[in-house]
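> Below is the file model.tsv, which contains TSV, C-alpha atoms.
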```tsv
chain	number	residue	atom	x	y	z
A	25	LYS	CA	105.32	90.49	113.59
A	26	ARG	CA	102.32	90.74	111.32
A	27	GLU	CA	101.17	94.26	110.54
A	28	ARG	CA	97.67	95.15	109.41
A	29	GLY	CA	97.88	96.42	105.84
A	30	HIS	CA	96.52	99.81	104.83
A	31	ILE	CA	96.50	101.66	101.55
A	32	TYR	CA	97.58	105.27	101.96
A	33	TRP	CA	98.14	108.09	99.49
A	34	LYS	CA	101.81	107.22	99.18
A	35	SER	CA	102.69	104.32	101.43
A	36	GLY	CA	101.88	102.34	104.56
A	37	ALA	CA	103.20	99.43	106.54
A	38	PRO	CA	104.60	97.11	105.26
A	39	ALA	CA	105.45	99.36	102.30
A	40	THR	CA	107.18	101.69	104.75
A	41	TYR	CA	109.38	98.85	106.02
A	42	ALA	CA	110.44	98.06	102.46
A	43	MET	CA	112.09	101.47	102.22
A	44	VAL	CA	114.41	100.94	105.22
A	45	SER	CA	117.11	99.15	103.26
A	46	ARG	CA	117.63	96.73	100.41
A	47	SER	CA	117.69	93.75	102.73
A	48	TRP	CA	114.47	94.85	104.44
A	49	ARG	CA	112.85	95.41	101.04
A	50	LYS	CA	113.80	91.93	99.90
A	51	LEU	CA	112.46	90.41	103.11
A	52	VAL	CA	109.20	92.37	103.05
A	53	LEU	CA	108.46	91.69	99.38
A	54	SER	CA	109.07	87.96	99.90
A	55	SER	CA	106.68	87.74	102.89
A	56	PRO	CA	103.12	87.29	101.53
A	57	ARG	CA	101.57	87.29	104.99
A	58	LEU	CA	102.55	90.92	105.50
A	59	TRP	CA	100.39	91.91	102.51
A	60	ALA	CA	97.40	89.71	103.29
A	61	ALA	CA	95.28	92.35	105.06
A	62	VAL	CA	94.17	95.61	103.51
A	63	THR	CA	91.76	98.42	104.32
A	64	VAL	CA	90.42	100.90	101.78
A	65	ASN	CA	88.60	103.92	103.20
A	66	ALA	CA	86.32	106.29	101.30
A	67	ASN	CA	88.85	109.14	101.43
A	68	HIS	CA	91.42	106.97	99.64
A	69	LEU	CA	89.20	106.96	96.55
A	70	ARG	CA	89.57	110.71	96.21
A	71	ILE	CA	92.72	109.98	94.20
A	72	GLY	CA	90.63	108.02	91.71
A	73	GLU	CA	91.68	104.83	89.99
A	74	THR	CA	95.24	105.14	91.30
A	75	VAL	CA	94.08	103.60	94.56
A	76	ILE	CA	92.64	100.63	92.68
A	77	ARG	CA	96.05	99.96	91.13
A	78	GLN	CA	97.61	100.20	94.58
A	79	PHE	CA	94.97	97.80	95.91
A	80	VAL	CA	95.72	95.22	93.21
A	81	ASN	CA	99.50	95.57	93.59
A	82	TRP	CA	99.19	95.20	97.35
A	83	LEU	CA	97.16	91.99	97.28
A	84	THR	CA	99.21	90.54	94.41
A	85	ARG	CA	102.14	90.48	96.83
A	86	ALA	CA	100.05	88.34	99.20
A	87	LYS	CA	100.07	85.60	96.56
A	88	SER	CA	97.85	82.74	97.75
A	89	HIS	CA	97.81	83.67	101.44
A	90	PRO	CA	94.29	83.93	103.00
A	91	LEU	CA	93.12	87.53	102.75
A	92	THR	CA	91.36	89.99	105.02
A	93	ILE	CA	89.73	92.77	102.99
A	94	GLU	CA	88.00	95.75	104.57
A	95	LEU	CA	86.21	98.35	102.43
A	96	ASN	CA	84.99	101.27	104.55
A	97	LEU	CA	83.09	103.21	101.91
A	98	GLY	CA	79.96	104.22	103.78
A	99	GLY	CA	80.74	107.71	105.02
A	100	ALA	CA	77.98	110.30	104.92
A	101	PHE	CA	79.67	112.23	102.09
A	102	SER	CA	81.40	109.35	100.32
A	103	PHE	CA	78.86	109.32	97.49
A	104	ARG	CA	80.26	112.69	96.37
A	105	TYR	CA	83.49	111.17	95.09
A	106	ILE	CA	82.79	107.44	94.84
A	107	THR	CA	81.03	106.62	91.58
A	108	ASN	CA	79.26	103.38	90.80
A	109	ASN	CA	81.77	102.80	88.00
A	110	MET	CA	84.76	103.14	90.33
A	111	LEU	CA	83.11	100.90	92.91
A	112	ASP	CA	82.26	98.33	90.25
A	113	ILE	CA	85.91	98.17	89.19
A	114	LEU	CA	87.08	97.75	92.79
A	115	PHE	CA	84.50	95.04	93.50
A	116	SER	CA	85.26	93.26	90.24
A	117	PHE	CA	88.89	92.80	91.31
A	118	VAL	CA	87.74	91.37	94.64
A	119	GLU	CA	85.29	89.07	92.87
A	120	ILE	CA	87.44	87.90	89.96
A	121	LEU	CA	91.00	87.93	91.34
A	122	TYR	CA	90.62	87.35	95.07
A	123	SER	CA	87.37	85.50	95.76
A	124	LYS	CA	89.25	82.19	96.02
A	125	PHE	CA	91.62	83.59	98.67
A	126	VAL	CA	89.57	85.95	100.82
A	127	ARG	CA	88.87	84.67	104.34
A	128	LYS	CA	87.36	87.76	105.98
A	129	LEU	CA	85.42	90.42	104.11
A	130	SER	CA	84.06	93.58	105.72
A	131	ILE	CA	82.18	96.20	103.68
A	132	SER	CA	80.45	99.45	104.57
A	133	LEU	CA	78.59	101.22	101.75
A	134	HIS	CA	76.48	104.27	101.04
A	135	PRO	CA	72.90	103.36	99.95
A	136	ASN	CA	73.56	104.75	96.46
A	137	HIS	CA	75.77	101.74	95.69
A	138	LEU	CA	73.44	98.89	96.64
A	139	THR	CA	72.82	97.51	93.15
A	140	VAL	CA	76.54	97.33	92.35
A	141	ALA	CA	77.22	95.63	95.67
A	142	SER	CA	74.41	93.08	95.34
A	143	ARG	CA	75.52	92.02	91.85
A	144	ARG	CA	79.23	91.72	92.63
A	145	LEU	CA	78.82	90.11	96.07
A	146	SER	CA	76.29	87.60	94.77
A	147	ALA	CA	78.85	86.58	92.14
A	148	LEU	CA	81.60	86.34	94.79
A	149	PHE	CA	79.53	83.91	96.86
A	150	LEU	CA	79.51	81.52	93.90
A	151	ASP	CA	83.20	80.71	94.32
A	152	ALA	CA	84.75	81.71	97.66
A	153	PRO	CA	86.00	78.44	99.18
A	154	TRP	CA	88.06	80.09	101.98
A	155	LEU	CA	85.51	82.73	102.96
A	156	GLU	CA	84.62	82.40	106.65
A	157	VAL	CA	83.40	85.79	107.89
A	158	VAL	CA	81.37	88.48	106.09
A	159	SER	CA	80.21	91.82	107.49
A	160	LEU	CA	78.08	94.13	105.36
A	161	ARG	CA	76.79	97.44	106.72
A	162	ILE	CA	74.72	100.17	105.12
A	163	PRO	CA	74.96	103.12	107.53
A	164	ALA	CA	71.95	105.29	108.17
A	165	GLY	CA	72.25	108.53	106.26
A	166	PRO	CA	70.96	110.35	103.18
A	167	SER	CA	68.42	108.40	101.13
A	168	PRO	CA	69.67	106.84	97.88
A	169	THR	CA	69.09	108.83	94.70
A	170	VAL	CA	67.07	105.92	93.30
A	171	PRO	CA	64.25	104.88	95.66
A	172	VAL	CA	64.64	101.45	97.24
A	173	SER	CA	61.16	100.49	96.05
A	174	ASP	CA	62.14	101.17	92.41
A	175	ILE	CA	65.25	99.02	92.72
A	176	SER	CA	63.30	96.18	94.34
A	177	ASN	CA	60.47	96.34	91.78
A	178	ALA	CA	63.04	96.12	88.99
A	179	GLY	CA	64.27	92.81	90.41
A	180	LEU	CA	67.59	94.28	91.53
A	181	GLY	CA	69.20	94.45	94.94
A	182	THR	CA	68.74	90.86	96.10
A	183	LEU	CA	71.86	89.50	97.78
A	184	ARG	CA	72.18	85.82	96.83
A	185	ILE	CA	74.32	83.51	98.93
A	186	ASP	CA	75.06	80.26	97.12
A	187	GLY	CA	77.01	77.15	97.93
A	188	GLY	CA	80.35	78.45	96.68
A	189	ALA	CA	81.15	79.79	100.18
A	190	ARG	CA	80.98	76.40	101.85
A	191	ASN	CA	83.15	77.42	104.83
A	192	LEU	CA	81.14	80.53	105.71
A	193	ARG	CA	80.81	80.64	109.52
A	194	ALA	CA	79.50	84.14	110.27
A	195	LEU	CA	77.30	86.48	108.27
A	196	ASP	CA	76.51	89.90	109.77
A	197	ILE	CA	74.36	92.20	107.63
A	198	HIS	CA	72.93	95.51	108.84
A	199	GLY	CA	70.86	98.03	106.94
A	200	TRP	CA	70.44	96.00	103.74
A	201	PRO	CA	66.93	96.95	102.54
A	202	PHE	CA	66.42	94.07	100.12
A	203	ILE	CA	66.08	90.30	100.28
A	204	VAL	CA	69.03	88.26	101.55
A	205	ASP	CA	68.51	84.97	99.73
A	206	ILE	CA	70.39	82.00	101.22
A	207	ARG	CA	69.79	79.77	98.25
A	208	SER	CA	71.60	76.58	99.22
A	209	PRO	CA	72.43	74.83	102.50
A	210	GLN	CA	75.17	76.55	104.52
A	211	ALA	CA	76.22	73.75	106.86
A	212	SER	CA	79.12	75.71	108.39
A	213	LEU	CA	77.13	78.86	109.17
A	214	THR	CA	76.77	79.18	112.95
A	215	LYS	CA	76.19	82.95	113.26
A	216	LEU	CA	73.65	84.88	111.23
A	217	ILE	CA	72.63	88.49	111.89
A	218	LEU	CA	70.23	90.12	109.45
A	219	GLY	CA	69.53	93.56	110.83
A	220	LYS	CA	67.08	94.94	108.32
A	221	GLY	CA	63.35	95.56	108.13
A	222	SER	CA	60.59	93.00	108.43
A	223	PHE	CA	60.86	89.47	107.05
A	224	SER	CA	58.08	87.48	105.48
A	225	LEU	CA	57.31	84.09	106.98
A	226	ASN	CA	58.56	82.39	103.81
A	227	GLU	CA	61.88	84.26	104.05
A	228	ILE	CA	62.36	83.17	107.65
A	229	LEU	CA	61.46	79.53	106.97
A	230	GLY	CA	63.64	79.41	103.85
A	231	THR	CA	66.63	80.82	105.73
A	232	LEU	CA	66.23	78.40	108.63
A	233	SER	CA	65.92	75.40	106.31
A	234	ASN	CA	69.29	76.23	104.72
A	235	THR	CA	71.18	76.99	107.94
A	236	PRO	CA	70.99	73.80	110.04
A	237	SER	CA	73.92	74.73	112.29
A	238	LEU	CA	72.57	78.01	113.64
```
Represent the structure contained in this file as structure tokens.


Amino acid sequence: KRERGHIYWKSGAPATYAMVSRSWRKLVLSSPRLWAAVTVNANHLRIGETVIRQFVNWLTRAKSHPLTIELNLGGAFSFRYITNNMLDILFSFVEILYSKFVRKLSISLHPNHLTVASRRLSALFLDAPWLEVVSLRIPAGPSPTVPVSDISNAGLGTLRIDGGARNLRALDIHGWPFIVDIRSPQASLTKLILGKGSFSLNEILGTLSNTPSL
């Protein structure tokens, strides 16, 4: 039976199963599918970079199995112990090591981390051949320390979706205050939800021209 993977302070299934006996450990460690789904919550990052090492070790055991990655980092007080540097390291591993294997990606972020997210996710979309489903949510809460207008005027924050995610079927984005730029045709995309503020006519027409299967 497949178990949904979770990173805990010390352990979690399937890591727990690996401690039952030597034979169970051998079986669990040789079963990449058991390690192919992982969730990191904001409270996990209270232990600092240790959780990033656990995250990498966990997904390394999945080898080349399609991955489901869920990063729930958007709690109201998460910005108190999640720094942009820590988040950048975590996202860089997703982008550099796992972009070719991730199938489902779900991210919830505090508004303070929008520039880091836009840069890393835009890079991920350049080379994510197995990626099928993406959910990105920015929960309502305290305003970011840097005003959204300042970020936008500096040319930052745009989320660029290029042709490297050619199998993308569903894109669900809520609360993203900047431009979502679908820059190349996404022939496989059949579901698109962009729950943000107002769109310009050019944005709407550009999106529709690159999503013929909606």

> Find the residue from A:His198, A:Arg207, A:Arg144, A:Arg193 that sits nearest to Asn108 of chain A; use all atoms listed in the file when measuring.

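Of A:His198, A:Arg207, A:Arg144, A:Arg193, the one nearest Asn108 of chain A, counting all atoms listed in the file, is A:Arg144.
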
> Could you check which of A:Ala61, A:Leu232, A:Met43, A:Leu160 is closest to Trp200 of chain A, using only C-alpha atoms?

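Closest candidate: A:Leu160.
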
> As an exercise, work out the distance from atom CA of Ile131 of chain A to atom CA of Val62 of chain A in Å and give it to one decimal place.

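Answer for the atom CA of Ile131 of chain A to atom CA of Val62 of chain A separation: 12.0 Å.
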
> Provide the atom CA of Ser146 of chain A to atom CA of Thr235 of chain A distance in Å, to one decimal place.

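Value for the atom CA of Ser146 of chain A-atom CA of Thr235 of chain A distance: 17.7 Å.
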
> What separation in Å, quoted to one decimal, exists between atom CA of Met110 of chain A and atom CA of Gly98 of chain A?

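Computing it gives 14.3 Å between the two atoms.
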
> I'd like the neighbourhood of Asp112 of chain A as a PDB file with C-alpha atoms, in the frame of the given file, where a residue qualifies if any of its atoms comes within 10 Å (using only C-alpha atoms), though same-chain residues fewer than 3 positions away should be ignored.


```pdb
ATOM      1  CA  THR A 107      81.030 106.620  91.580  1.00  0.00           C
ATOM      2  CA  ASN A 108      79.260 103.380  90.800  1.00  0.00           C
ATOM      3  CA  ASN A 109      81.770 102.800  88.000  1.00  0.00           C
ATOM      4  CA  PHE A 115      84.500  95.040  93.500  1.00  0.00           C
ATOM      5  CA  SER A 116      85.260  93.260  90.240  1.00  0.00           C
ATOM      6  CA  PHE A 117      88.890  92.800  91.310  1.00  0.00           C
ATOM      7  CA  VAL A 118      87.740  91.370  94.640  1.00  0.00           C
ATOM      8  CA  HIS A 137      75.770 101.740  95.690  1.00  0.00           C
ATOM      9  CA  THR A 139      72.820  97.510  93.150  1.00  0.00           C
ATOM     10  CA  VAL A 140      76.540  97.330  92.350  1.00  0.00           C
ATOM     11  CA  ALA A 141      77.220  95.630  95.670  1.00  0.00           C
ATOM     12  CA  ARG A 143      75.520  92.020  91.850  1.00  0.00           C
ATOM     13  CA  ARG A 144      79.230  91.720  92.630  1.00  0.00           C
TER      14      ARG A 144
END
```

> Near Leu195 of chain A, counting all atoms listed in the file, which residues have an atom at most 7 Å away, once you skip same-chain residues fewer than 3 positions from it, shown as a PDB file with C-alpha atoms, in the coordinates of the input?


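Below you can see part04.pdb, which holds the result:
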```
ATOM      1  CA  VAL A 157      83.400  85.790 107.890  1.00  0.00           C
ATOM      2  CA  VAL A 158      81.370  88.480 106.090  1.00  0.00           C
ATOM      3  CA  SER A 159      80.210  91.820 107.490  1.00  0.00           C
ATOM      4  CA  LYS A 215      76.190  82.950 113.260  1.00  0.00           C
ATOM      5  CA  LEU A 216      73.650  84.880 111.230  1.00  0.00           C
ATOM      6  CA  ILE A 217      72.630  88.490 111.890  1.00  0.00           C
TER       7      ILE A 217
END
```

> Rank nothing, just name the residue among A:Val75, A:Ala66, A:Ala194, A:Val80 nearest to Ser132 of chain A, using only C-alpha atoms.

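For Ser132 of chain A, the nearest of the given residues is A:Ala66.
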
> Just the residues within 10 Å of Arg85 of chain A, please, counting all atoms listed in the file, with nothing from its chain fewer than 2 positions along; format it as a ChimeraX atom specification.

/A:52-60,80-83,87-89

> Could the residues in this selection be saved with C-alpha atoms as a PDB file, in the coordinates of the input?


```
ATOM      1  CA  VAL A  52     109.200  92.370 103.050  1.00  0.00           C
ATOM      2  CA  LEU A  53     108.460  91.690  99.380  1.00  0.00           C
ATOM      3  CA  SER A  54     109.070  87.960  99.900  1.00  0.00           C
ATOM      4  CA  SER A  55     106.680  87.740 102.890  1.00  0.00           C
ATOM      5  CA  PRO A  56     103.120  87.290 101.530  1.00  0.00           C
ATOM      6  CA  ARG A  57     101.570  87.290 104.990  1.00  0.00           C
ATOM      7  CA  LEU A  58     102.550  90.920 105.500  1.00  0.00           C
ATOM      8  CA  TRP A  59     100.390  91.910 102.510  1.00  0.00           C
ATOM      9  CA  ALA A  60      97.400  89.710 103.290  1.00  0.00           C
ATOM     10  CA  VAL A  80      95.720  95.220  93.210  1.00  0.00           C
ATOM     11  CA  ASN A  81      99.500  95.570  93.590  1.00  0.00           C
ATOM     12  CA  TRP A  82      99.190  95.200  97.350  1.00  0.00           C
ATOM     13  CA  LEU A  83      97.160  91.990  97.280  1.00  0.00           C
ATOM     14  CA  LYS A  87     100.070  85.600  96.560  1.00  0.00           C
ATOM     15  CA  SER A  88      97.850  82.740  97.750  1.00  0.00           C
ATOM     16  CA  HIS A  89      97.810  83.670 101.440  1.00  0.00           C
TER      17      HIS A  89
END
```

> Near Lys124 of chain A, within 12 Å and counting all atoms listed in the file, which residues show up once chain neighbours fewer than 3 positions away are dropped, as a list in words?

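Listing them by chain and then by number gives Lys87, Ser88, His89, Pro90, Leu91, Phe117, Val118, Glu119, Ile120, Leu121, Arg127, Lys128, Ala147, Leu148, Phe149, Leu150, Asp151, Ala152, Pro153, Trp154, Leu155, Glu156, Gly188, Ala189, Arg190 and Asn191 of chain A.
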
> Return the single residue from A:Asp205, A:Glu94, A:Asp186, A:Glu73 that is closest to Leu111 of chain A, with distances computed using all atoms listed in the file.

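Among A:Asp205, A:Glu94, A:Asp186, A:Glu73, it is A:Glu73 that comes nearest to Leu111 of chain A.
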
> Supply segment 189-211 of chain A as a PDB file, in the frame of the given file, with N, CA and C atoms built in where the input has gaps.


```pdb
ATOM      1  N   ALA A 189      80.472  79.383  98.933  1.00  0.00           N
ATOM      2  CA  ALA A 189      81.150  79.790 100.180  1.00  0.00           C
ATOM      3  C   ALA A 189      80.865  78.742 101.244  1.00  0.00           C
ATOM      4  N   ARG A 190      81.351  77.540 101.015  1.00  0.00           N
ATOM      5  CA  ARG A 190      80.980  76.400 101.850  1.00  0.00           C
ATOM      6  C   ARG A 190      81.567  76.460 103.264  1.00  0.00           C
ATOM      7  N   ASN A 191      82.554  77.307 103.492  1.00  0.00           N
ATOM      8  CA  ASN A 191      83.150  77.420 104.830  1.00  0.00           C
ATOM      9  C   ASN A 191      82.687  78.669 105.577  1.00  0.00           C
ATOM     10  N   LEU A 192      81.651  79.320 105.071  1.00  0.00           N
ATOM     11  CA  LEU A 192      81.140  80.530 105.710  1.00  0.00           C
ATOM     12  C   LEU A 192      80.612  80.212 107.103  1.00  0.00           C
ATOM     13  N   ARG A 193      81.189  80.890 108.124  1.00  0.00           N
ATOM     14  CA  ARG A 193      80.810  80.640 109.520  1.00  0.00           C
ATOM     15  C   ARG A 193      79.958  81.758 110.113  1.00  0.00           C
ATOM     16  N   ALA A 194      80.199  82.995 109.666  1.00  0.00           N
ATOM     17  CA  ALA A 194      79.500  84.140 110.270  1.00  0.00           C
ATOM     18  C   ALA A 194      79.096  85.124 109.190  1.00  0.00           C
ATOM     19  N   LEU A 195      77.843  85.527 109.238  1.00  0.00           N
ATOM     20  CA  LEU A 195      77.300  86.480 108.270  1.00  0.00           C
ATOM     21  C   LEU A 195      76.553  87.558 109.059  1.00  0.00           C
ATOM     22  N   ASP A 196      77.055  88.788 108.988  1.00  0.00           N
ATOM     23  CA  ASP A 196      76.510  89.900 109.770  1.00  0.00           C
ATOM     24  C   ASP A 196      76.140  91.018 108.806  1.00  0.00           C
ATOM     25  N   ILE A 197      74.829  91.222 108.598  1.00  0.00           N
ATOM     26  CA  ILE A 197      74.360  92.200 107.630  1.00  0.00           C
ATOM     27  C   ILE A 197      73.417  93.183 108.317  1.00  0.00           C
ATOM     28  N   HIS A 198      73.749  94.475 108.216  1.00  0.00           N
ATOM     29  CA  HIS A 198      72.930  95.510 108.840  1.00  0.00           C
ATOM     30  C   HIS A 198      72.569  96.574 107.805  1.00  0.00           C
ATOM     31  N   GLY A 199      71.300  96.936 107.778  1.00  0.00           N
ATOM     32  CA  GLY A 199      70.860  98.030 106.940  1.00  0.00           C
ATOM     33  C   GLY A 199      70.581  97.679 105.496  1.00  0.00           C
ATOM     34  N   TRP A 200      70.717  96.407 105.129  1.00  0.00           N
ATOM     35  CA  TRP A 200      70.440  96.000 103.740  1.00  0.00           C
ATOM     36  C   TRP A 200      68.933  95.967 103.534  1.00  0.00           C
ATOM     37  N   PRO A 201      68.391  96.799 102.629  1.00  0.00           N
ATOM     38  CA  PRO A 201      66.930  96.950 102.540  1.00  0.00           C
ATOM     39  C   PRO A 201      66.235  95.927 101.644  1.00  0.00           C
ATOM     40  N   PHE A 202      67.007  95.020 101.052  1.00  0.00           N
ATOM     41  CA  PHE A 202      66.420  94.070 100.120  1.00  0.00           C
ATOM     42  C   PHE A 202      66.476  92.649 100.696  1.00  0.00           C
ATOM     43  N   ILE A 203      66.080  91.695  99.869  1.00  0.00           N
ATOM     44  CA  ILE A 203      66.080  90.300 100.280  1.00  0.00           C
ATOM     45  C   ILE A 203      67.518  89.783 100.378  1.00  0.00           C
ATOM     46  N   VAL A 204      67.792  89.031 101.442  1.00  0.00           N
ATOM     47  CA  VAL A 204      69.030  88.260 101.550  1.00  0.00           C
ATOM     48  C   VAL A 204      68.633  86.808 101.327  1.00  0.00           C
ATOM     49  N   ASP A 205      68.989  86.280 100.175  1.00  0.00           N
ATOM     50  CA  ASP A 205      68.510  84.970  99.730  1.00  0.00           C
ATOM     51  C   ASP A 205      69.584  83.915  99.927  1.00  0.00           C
ATOM     52  N   ILE A 206      69.469  83.127 101.005  1.00  0.00           N
ATOM     53  CA  ILE A 206      70.390  82.000 101.220  1.00  0.00           C
ATOM     54  C   ILE A 206      69.836  80.832 100.429  1.00  0.00           C
ATOM     55  N   ARG A 207      70.421  80.617  99.249  1.00  0.00           N
ATOM     56  CA  ARG A 207      69.790  79.770  98.250  1.00  0.00           C
ATOM     57  C   ARG A 207      70.145  78.295  98.366  1.00  0.00           C
ATOM     58  N   SER A 208      71.191  77.988  99.087  1.00  0.00           N
ATOM     59  CA  SER A 208      71.600  76.580  99.220  1.00  0.00           C
ATOM     60  C   SER A 208      72.053  76.353 100.649  1.00  0.00           C
ATOM     61  N   PRO A 209      72.059  75.114 101.103  1.00  0.00           N
ATOM     62  CA  PRO A 209      72.430  74.830 102.500  1.00  0.00           C
ATOM     63  C   PRO A 209      73.816  75.366 102.855  1.00  0.00           C
ATOM     64  N   GLN A 210      73.904  76.034 103.995  1.00  0.00           N
ATOM     65  CA  GLN A 210      75.170  76.550 104.520  1.00  0.00           C
ATOM     66  C   GLN A 210      75.448  75.810 105.828  1.00  0.00           C
ATOM     67  N   ALA A 211      76.041  74.630 105.705  1.00  0.00           N
ATOM     68  CA  ALA A 211      76.220  73.750 106.860  1.00  0.00           C
ATOM     69  C   ALA A 211      77.185  74.317 107.891  1.00  0.00           C
TER      70      ALA A 211
END
```
